[in-house]
$ cat run07.cif   # mmCIF, N, CA and C atoms
data_coords
loop_
_atom_site.label_atom_id
_atom_site.label_comp_id
_atom_site.auth_asym_id
_atom_site.auth_seq_id
_atom_site.Cartn_x
_atom_site.Cartn_y
_atom_site.Cartn_z
N MET A 179 64.51 140.02 96.90
CA MET A 179 63.24 139.38 97.12
C MET A 179 63.44 137.88 96.98
N PRO A 180 62.42 137.11 97.31
CA PRO A 180 62.58 135.67 97.27
C PRO A 180 63.08 135.17 95.93
N GLY A 181 63.95 134.17 95.99
CA GLY A 181 64.50 133.60 94.78
C GLY A 181 65.76 134.30 94.30
N CYS A 182 66.05 135.50 94.79
CA CYS A 182 67.23 136.25 94.35
C CYS A 182 68.20 136.35 95.52
N ARG A 183 69.26 135.62 95.48
CA ARG A 183 70.27 135.67 96.53
C ARG A 183 71.53 136.27 95.97
N PRO A 184 72.12 137.24 96.65
CA PRO A 184 73.37 137.83 96.17
C PRO A 184 74.47 136.78 96.10
N GLN A 185 75.31 136.90 95.10
CA GLN A 185 76.46 136.01 94.95
C GLN A 185 77.57 136.46 95.88
N GLY A 186 78.39 135.53 96.32
CA GLY A 186 79.51 135.88 97.18
C GLY A 186 79.08 136.02 98.63
N ALA A 187 79.96 136.58 99.42
CA ALA A 187 79.71 136.72 100.86
C ALA A 187 78.68 137.82 101.10
N TYR A 188 77.72 137.52 101.94
CA TYR A 188 76.73 138.51 102.32
C TYR A 188 76.10 138.11 103.64
N ARG A 189 75.40 139.06 104.23
CA ARG A 189 74.58 138.74 105.40
C ARG A 189 73.35 139.63 105.37
N ARG A 190 72.29 139.13 105.97
CA ARG A 190 71.02 139.85 106.04
C ARG A 190 70.76 140.23 107.49
N GLU A 191 70.27 141.42 107.70
CA GLU A 191 69.90 141.87 109.04
C GLU A 191 68.49 142.43 108.97
N THR A 192 67.60 141.89 109.79
CA THR A 192 66.25 142.45 109.90
C THR A 192 66.34 143.60 110.89
N VAL A 193 66.03 144.81 110.42
CA VAL A 193 66.19 145.98 111.27
C VAL A 193 64.88 146.48 111.87
N GLN A 194 63.75 146.10 111.27
CA GLN A 194 62.47 146.53 111.81
C GLN A 194 61.36 145.64 111.29
N LEU A 195 60.42 145.30 112.17
CA LEU A 195 59.20 144.60 111.79
C LEU A 195 58.04 145.57 111.92
N ILE A 196 57.20 145.62 110.90
CA ILE A 196 56.07 146.53 110.89
C ILE A 196 54.80 145.68 110.81
N PRO A 197 53.99 145.65 111.88
CA PRO A 197 52.77 144.84 111.86
C PRO A 197 51.78 145.32 110.80
N ASP A 198 51.01 144.39 110.27
CA ASP A 198 49.98 144.70 109.28
C ASP A 198 48.76 143.87 109.67
N THR A 199 47.67 144.51 109.96
CA THR A 199 46.49 143.79 110.45
C THR A 199 45.36 143.80 109.42
N VAL A 200 45.68 143.78 108.14
CA VAL A 200 44.64 143.84 107.11
C VAL A 200 44.10 142.46 106.75
N GLY A 201 44.62 141.40 107.33
CA GLY A 201 44.09 140.06 107.09
C GLY A 201 44.39 139.50 105.71
N LYS A 202 45.53 139.81 105.17
CA LYS A 202 45.90 139.29 103.85
C LYS A 202 46.64 137.96 103.98
N THR A 203 46.73 137.25 102.86
CA THR A 203 47.40 135.95 102.81
C THR A 203 48.45 135.97 101.70
N ALA A 204 49.64 135.45 102.02
CA ALA A 204 50.70 135.31 101.02
C ALA A 204 50.57 133.92 100.38
N HIS A 205 50.48 133.89 99.07
CA HIS A 205 50.41 132.64 98.33
C HIS A 205 51.79 132.36 97.75
N LEU A 206 52.34 131.21 98.10
CA LEU A 206 53.72 130.86 97.77
C LEU A 206 53.80 129.54 97.02
N ARG A 207 54.94 129.32 96.40
CA ARG A 207 55.26 128.02 95.81
C ARG A 207 56.64 127.62 96.30
N SER A 208 56.74 126.41 96.83
CA SER A 208 58.03 125.89 97.27
C SER A 208 58.73 125.25 96.08
N ASP A 209 59.93 125.71 95.78
CA ASP A 209 60.69 125.13 94.67
C ASP A 209 61.11 123.70 94.97
N PHE A 210 61.10 123.30 96.25
CA PHE A 210 61.42 121.92 96.64
C PHE A 210 60.16 121.09 96.83
N LYS A 211 58.98 121.66 96.45
CA LYS A 211 57.69 120.96 96.56
C LYS A 211 57.33 120.61 97.99
N LEU A 212 57.76 121.41 98.97
CA LEU A 212 57.39 121.20 100.36
C LEU A 212 55.92 121.55 100.55
N GLU A 213 55.23 120.79 101.35
CA GLU A 213 53.82 121.07 101.62
C GLU A 213 53.69 121.97 102.84
N GLY A 214 52.60 122.72 102.88
CA GLY A 214 52.33 123.60 104.00
C GLY A 214 52.79 125.03 103.78
N TYR A 215 53.36 125.32 102.61
CA TYR A 215 53.85 126.67 102.34
C TYR A 215 53.07 127.35 101.21
N GLU A 216 51.95 126.75 100.79
CA GLU A 216 51.18 127.31 99.68
C GLU A 216 50.46 128.60 100.05
N SER A 217 50.02 128.68 101.30
CA SER A 217 49.24 129.83 101.75
C SER A 217 49.59 130.09 103.21
N MET A 218 50.05 131.31 103.50
CA MET A 218 50.46 131.66 104.86
C MET A 218 49.91 133.03 105.21
N PRO A 219 49.46 133.22 106.46
CA PRO A 219 48.95 134.53 106.87
C PRO A 219 50.06 135.60 106.80
N LEU A 220 49.74 136.71 106.17
CA LEU A 220 50.65 137.86 106.14
C LEU A 220 50.38 138.66 107.40
N ILE A 221 51.41 138.84 108.21
CA ILE A 221 51.20 139.55 109.48
C ILE A 221 51.98 140.85 109.56
N GLY A 222 52.73 141.19 108.52
CA GLY A 222 53.47 142.44 108.55
C GLY A 222 54.52 142.52 107.47
N TRP A 223 55.42 143.47 107.69
CA TRP A 223 56.50 143.74 106.73
C TRP A 223 57.80 143.86 107.50
N ALA A 224 58.89 143.48 106.88
CA ALA A 224 60.21 143.58 107.50
C ALA A 224 61.10 144.46 106.65
N VAL A 225 61.84 145.34 107.32
CA VAL A 225 62.86 146.13 106.64
C VAL A 225 64.17 145.35 106.82
N ILE A 226 64.80 145.00 105.72
CA ILE A 226 66.00 144.17 105.70
C ILE A 226 67.16 144.96 105.11
N VAL A 227 68.32 144.88 105.74
CA VAL A 227 69.54 145.45 105.17
C VAL A 227 70.42 144.28 104.75
N ILE A 228 70.87 144.31 103.50
CA ILE A 228 71.74 143.26 102.97
C ILE A 228 73.13 143.83 102.78
N PHE A 229 74.09 143.18 103.42
CA PHE A 229 75.48 143.59 103.33
C PHE A 229 76.21 142.61 102.41
N GLU A 230 76.71 143.12 101.29
CA GLU A 230 77.45 142.31 100.34
C GLU A 230 78.92 142.69 100.35
N GLU A 231 79.74 141.73 100.02
CA GLU A 231 81.18 141.98 99.96
C GLU A 231 81.48 143.00 98.85
N ASP A 232 82.29 144.00 99.17
CA ASP A 232 82.72 145.03 98.22
C ASP A 232 81.57 145.82 97.60
N ALA A 233 80.50 146.04 98.37
CA ALA A 233 79.37 146.83 97.86
C ALA A 233 78.74 147.59 99.02
N LEU A 234 78.04 148.64 98.67
CA LEU A 234 77.31 149.38 99.68
C LEU A 234 76.13 148.54 100.17
N PRO A 235 75.75 148.70 101.42
CA PRO A 235 74.57 147.98 101.91
C PRO A 235 73.33 148.41 101.12
N ARG A 236 72.37 147.50 100.99
CA ARG A 236 71.12 147.87 100.34
C ARG A 236 69.96 147.44 101.22
N MET A 237 68.86 148.17 101.09
CA MET A 237 67.68 147.90 101.91
C MET A 237 66.57 147.35 101.03
N THR A 238 65.76 146.48 101.63
CA THR A 238 64.61 145.93 100.94
C THR A 238 63.49 145.74 101.96
N VAL A 239 62.28 145.62 101.48
CA VAL A 239 61.13 145.34 102.33
C VAL A 239 60.57 143.99 101.91
N GLU A 240 60.31 143.12 102.89
CA GLU A 240 59.80 141.78 102.62
C GLU A 240 58.56 141.53 103.45
N PRO A 241 57.66 140.69 102.94
CA PRO A 241 56.51 140.30 103.76
C PRO A 241 56.95 139.45 104.94
N VAL A 242 56.24 139.58 106.05
CA VAL A 242 56.44 138.72 107.22
C VAL A 242 55.23 137.80 107.30
N VAL A 243 55.48 136.50 107.38
CA VAL A 243 54.40 135.52 107.44
C VAL A 243 54.45 134.80 108.78
N GLU A 244 53.35 134.15 109.11
CA GLU A 244 53.27 133.36 110.34
C GLU A 244 53.43 131.89 109.95
N ASP A 245 54.51 131.28 110.41
CA ASP A 245 54.81 129.88 110.10
C ASP A 245 54.65 129.04 111.37
N ASP A 246 54.09 127.85 111.23
CA ASP A 246 53.87 126.98 112.39
C ASP A 246 55.17 126.62 113.11
N CYS A 247 56.24 126.42 112.37
CA CYS A 247 57.51 126.01 112.97
C CYS A 247 58.39 127.19 113.41
N HIS A 248 58.40 128.26 112.63
CA HIS A 248 59.34 129.37 112.85
C HIS A 248 58.69 130.60 113.46
N GLY A 249 57.38 130.62 113.61
CA GLY A 249 56.70 131.79 114.14
C GLY A 249 56.66 132.91 113.12
N SER A 250 56.71 134.15 113.58
CA SER A 250 56.73 135.31 112.68
C SER A 250 58.11 135.41 112.05
N ILE A 251 58.14 135.39 110.71
CA ILE A 251 59.43 135.35 110.03
C ILE A 251 59.33 136.06 108.69
N ALA A 252 60.37 136.84 108.36
CA ALA A 252 60.45 137.49 107.05
C ALA A 252 60.60 136.41 105.98
N LEU A 253 60.02 136.64 104.82
CA LEU A 253 60.00 135.63 103.77
C LEU A 253 61.41 135.20 103.36
N GLY A 254 62.33 136.12 103.28
CA GLY A 254 63.71 135.77 102.91
C GLY A 254 64.38 134.91 103.97
N ASP A 255 64.08 135.17 105.25
CA ASP A 255 64.63 134.34 106.32
C ASP A 255 64.02 132.94 106.28
N LEU A 256 62.73 132.86 105.96
CA LEU A 256 62.07 131.56 105.84
C LEU A 256 62.70 130.76 104.70
N GLU A 257 63.02 131.45 103.60
CA GLU A 257 63.70 130.79 102.48
C GLU A 257 65.03 130.17 102.91
N GLU A 258 65.77 130.88 103.75
CA GLU A 258 67.04 130.35 104.22
C GLU A 258 66.85 129.09 105.07
N GLU A 259 65.69 128.97 105.73
CA GLU A 259 65.40 127.81 106.57
C GLU A 259 64.86 126.62 105.79
N VAL A 260 63.97 126.86 104.82
CA VAL A 260 63.26 125.76 104.16
C VAL A 260 63.60 125.59 102.68
N GLY A 261 64.36 126.50 102.11
CA GLY A 261 64.69 126.42 100.69
C GLY A 261 63.93 127.47 99.89
N PRO A 262 64.20 127.51 98.59
CA PRO A 262 63.63 128.56 97.73
C PRO A 262 62.10 128.56 97.72
N LEU A 263 61.54 129.76 97.87
CA LEU A 263 60.10 129.98 97.79
C LEU A 263 59.85 131.09 96.77
N THR A 264 58.74 130.96 96.06
CA THR A 264 58.36 132.00 95.11
C THR A 264 57.07 132.63 95.61
N LEU A 265 57.09 133.94 95.81
CA LEU A 265 55.88 134.67 96.20
C LEU A 265 55.03 134.85 94.95
N LEU A 266 53.87 134.21 94.92
CA LEU A 266 52.98 134.29 93.76
C LEU A 266 52.09 135.53 93.81
N GLU A 267 51.49 135.76 94.99
CA GLU A 267 50.62 136.93 95.14
C GLU A 267 50.28 137.12 96.61
N ILE A 268 49.79 138.31 96.91
CA ILE A 268 49.29 138.62 98.25
C ILE A 268 47.84 139.05 98.07
N LEU A 269 46.93 138.32 98.68
CA LEU A 269 45.50 138.63 98.57
C LEU A 269 44.89 138.84 99.93
#
$ encode --input "run07.cif" --output "structure tokens"
Amino acid sequence: MPGCRPQGAYRRETVQLIPDTVGKTAHLRSDFKLEGYESMPLIGWAVIVIFEEDALPRMTVEPVVEDDCHGSIALGDLEEEVGPLTLLEIL
């Protein structure tokens, strides 16, 4: 999940996006104090497979948000683009 990155060599693969039309909002905090990331529309969920060196692959589910610059993007992928983000709550 956000803020937790595996040590060593790894890669992330988004294997499925699942739309969510419940109208929720992800409330975030940028560890680099970037503006515009405090509140983002939650538009779905992403199934992510993480491949780590010398370990079995693991799966996780992450929120997908709508970003003005990146479009629909899984929260972990957005972190890789803009820096560490902390998911505070989903309302």
$ atom_distance --input "run07.cif" --atom1 "atom CA of Val243 of chain A" --atom2 "atom CA of Lys202 of chain A"
10.0 Å
$ residues_around --input "run07.cif" --residues "Val200 of chain A" --least-positions-apart "5" --cutoff "8 Å" --atoms "all atoms listed in the file" --output "list in words"
Leu220, Ile221, Gly222 and Leu269 of chain A
$ resolve_selection --input "run07.cif" --expression "the PyMOL selection byres ((chain A and resi 229) around 6.5)" --output "number ranges by chain"
A: 187-191, 227-228, 230-231, 234-236
$ resolve_selection --input "run07.cif" --expression "the PyMOL selection byres (((chain A and resi 261 and name CA) around 12) and name CA)" --output "list of chain:residue names"
A:Pro180, A:Gly181, A:Cys182, A:Arg183, A:Arg207, A:Ser208, A:Asp209, A:Phe210, A:Lys211, A:Leu212, A:Tyr215, A:Leu253, A:Gly254, A:Asp255, A:Leu256, A:Glu257, A:Glu258, A:Glu259, A:Val260, A:Pro262, A:Leu263, A:Thr264
$ closest_residue --input "run07.cif" --among "A:Ala224, A:Leu266, A:Val193, A:Leu206" --to "Val242 of chain A" --atoms "only C-alpha atoms"
A:Ala224
$ resolve_selection --input "run07.cif" --expression "the PyMOL selection byres ((chain A and resi 218) around 5)" --output "list of chain:residue names"
A:Thr203, A:Ala204, A:Glu216, A:Ser217, A:Pro219, A:Leu220
$ write_last_selection --input "run07.cif" --atoms "N, CA and C atoms" --output "compact mmCIF listing (two decimals), in the frame of the given file"
# COMPACT_ATOMS: atom_id res chain seq x y z
N THR A 203 46.73 137.25 102.86
CA THR A 203 47.40 135.95 102.81
C THR A 203 48.45 135.97 101.70
N ALA A 204 49.64 135.45 102.02
CA ALA A 204 50.70 135.31 101.02
C ALA A 204 50.57 133.92 100.38
N GLU A 216 51.95 126.75 100.79
CA GLU A 216 51.18 127.31 99.68
C GLU A 216 50.46 128.60 100.05
N SER A 217 50.02 128.68 101.30
CA SER A 217 49.24 129.83 101.75
C SER A 217 49.59 130.09 103.21
N PRO A 219 49.46 133.22 106.46
CA PRO A 219 48.95 134.53 106.87
C PRO A 219 50.06 135.60 106.80
N LEU A 220 49.74 136.71 106.17
CA LEU A 220 50.65 137.86 106.14
C LEU A 220 50.38 138.66 107.40
$ atom_distance --input "run07.cif" --atom1 "atom CA of Val225 of chain A" --atom2 "atom CA of Asp245 of chain A"
18.5 Å
$ atom_distance --input "run07.cif" --atom1 "atom C of Met237 of chain A" --atom2 "atom CA of Ile251 of chain A"
16.6 Å
$ select_by_dssp --input "run07.cif" --residues "chain A" --states "strand (DSSP E or B)" --output "VMD selection string"
chain A and resid 188 to 197 203 to 208 217 to 230 236 to 245 249 to 252 263 to 268
$ decode --input "run07.cif" --residues "segment 219-247 of chain A" --atoms "N, CA and C atoms" --output "short mmCIF file (atom, residue, chain, number, x, y, z; two decimals), in the first residue's frame"
data_model
loop_
_atom_site.label_atom_id
_atom_site.label_comp_id
_atom_site.auth_asym_id
_atom_site.auth_seq_id
_atom_site.Cartn_x
_atom_site.Cartn_y
_atom_site.Cartn_z
N PRO A 219 -11.00 12.18 -6.75
CA PRO A 219 -12.13 11.27 -6.96
C PRO A 219 -11.66 9.81 -7.05
N LEU A 220 -12.30 8.95 -6.29
CA LEU A 220 -12.05 7.51 -6.37
C LEU A 220 -12.91 6.97 -7.50
N ILE A 221 -12.27 6.36 -8.49
CA ILE A 221 -13.05 5.88 -9.64
C ILE A 221 -12.99 4.37 -9.79
N GLY A 222 -12.28 3.69 -8.91
CA GLY A 222 -12.23 2.23 -9.00
C GLY A 222 -11.13 1.64 -8.15
N TRP A 223 -10.83 0.39 -8.49
CA TRP A 223 -9.83 -0.38 -7.75
C TRP A 223 -8.93 -1.07 -8.76
N ALA A 224 -7.68 -1.26 -8.39
CA ALA A 224 -6.71 -1.93 -9.26
C ALA A 224 -6.17 -3.16 -8.55
N VAL A 225 -6.08 -4.26 -9.29
CA VAL A 225 -5.42 -5.45 -8.79
C VAL A 225 -3.97 -5.36 -9.28
N ILE A 226 -3.03 -5.39 -8.35
CA ILE A 226 -1.61 -5.21 -8.63
C ILE A 226 -0.86 -6.47 -8.23
N VAL A 227 0.06 -6.91 -9.08
CA VAL A 227 0.96 -8.01 -8.74
C VAL A 227 2.35 -7.39 -8.58
N ILE A 228 2.99 -7.67 -7.45
CA ILE A 228 4.32 -7.16 -7.17
C ILE A 228 5.30 -8.32 -7.23
N PHE A 229 6.30 -8.17 -8.09
CA PHE A 229 7.33 -9.18 -8.26
C PHE A 229 8.60 -8.68 -7.57
N GLU A 230 9.03 -9.41 -6.54
CA GLU A 230 10.24 -9.06 -5.81
C GLU A 230 11.33 -10.09 -6.10
N GLU A 231 12.55 -9.63 -6.01
CA GLU A 231 13.69 -10.51 -6.22
C GLU A 231 13.71 -11.60 -5.13
N ASP A 232 13.89 -12.85 -5.54
CA ASP A 232 13.98 -13.99 -4.63
C ASP A 232 12.75 -14.18 -3.74
N ALA A 233 11.56 -13.85 -4.26
CA ALA A 233 10.33 -14.04 -3.49
C ALA A 233 9.20 -14.38 -4.44
N LEU A 234 8.19 -15.00 -3.89
CA LEU A 234 7.00 -15.28 -4.69
C LEU A 234 6.26 -13.97 -4.98
N PRO A 235 5.61 -13.89 -6.11
CA PRO A 235 4.82 -12.69 -6.40
C PRO A 235 3.71 -12.53 -5.35
N ARG A 236 3.33 -11.29 -5.09
CA ARG A 236 2.22 -11.05 -4.18
C ARG A 236 1.23 -10.10 -4.83
N MET A 237 -0.03 -10.24 -4.44
CA MET A 237 -1.09 -9.43 -5.01
C MET A 237 -1.61 -8.46 -3.97
N THR A 238 -2.04 -7.29 -4.45
CA THR A 238 -2.63 -6.30 -3.58
C THR A 238 -3.72 -5.57 -4.36
N VAL A 239 -4.61 -4.92 -3.66
CA VAL A 239 -5.66 -4.11 -4.28
C VAL A 239 -5.43 -2.67 -3.83
N GLU A 240 -5.46 -1.74 -4.81
CA GLU A 240 -5.22 -0.33 -4.52
C GLU A 240 -6.35 0.50 -5.10
N PRO A 241 -6.63 1.64 -4.47
CA PRO A 241 -7.61 2.55 -5.07
C PRO A 241 -7.09 3.14 -6.37
N VAL A 242 -7.99 3.39 -7.30
CA VAL A 242 -7.67 4.10 -8.54
C VAL A 242 -8.31 5.48 -8.44
N VAL A 243 -7.51 6.52 -8.64
CA VAL A 243 -8.00 7.89 -8.55
C VAL A 243 -7.91 8.56 -9.92
N GLU A 244 -8.63 9.65 -10.06
CA GLU A 244 -8.59 10.44 -11.30
C GLU A 244 -7.70 11.65 -11.04
N ASP A 245 -6.57 11.70 -11.75
CA ASP A 245 -5.61 12.79 -11.60
C ASP A 245 -5.63 13.65 -12.86
N ASP A 246 -5.53 14.96 -12.69
CA ASP A 246 -5.56 15.88 -13.84
C ASP A 246 -4.43 15.62 -14.82
N CYS A 247 -3.26 15.27 -14.33
CA CYS A 247 -2.09 15.07 -15.21
C CYS A 247 -1.97 13.64 -15.73
#
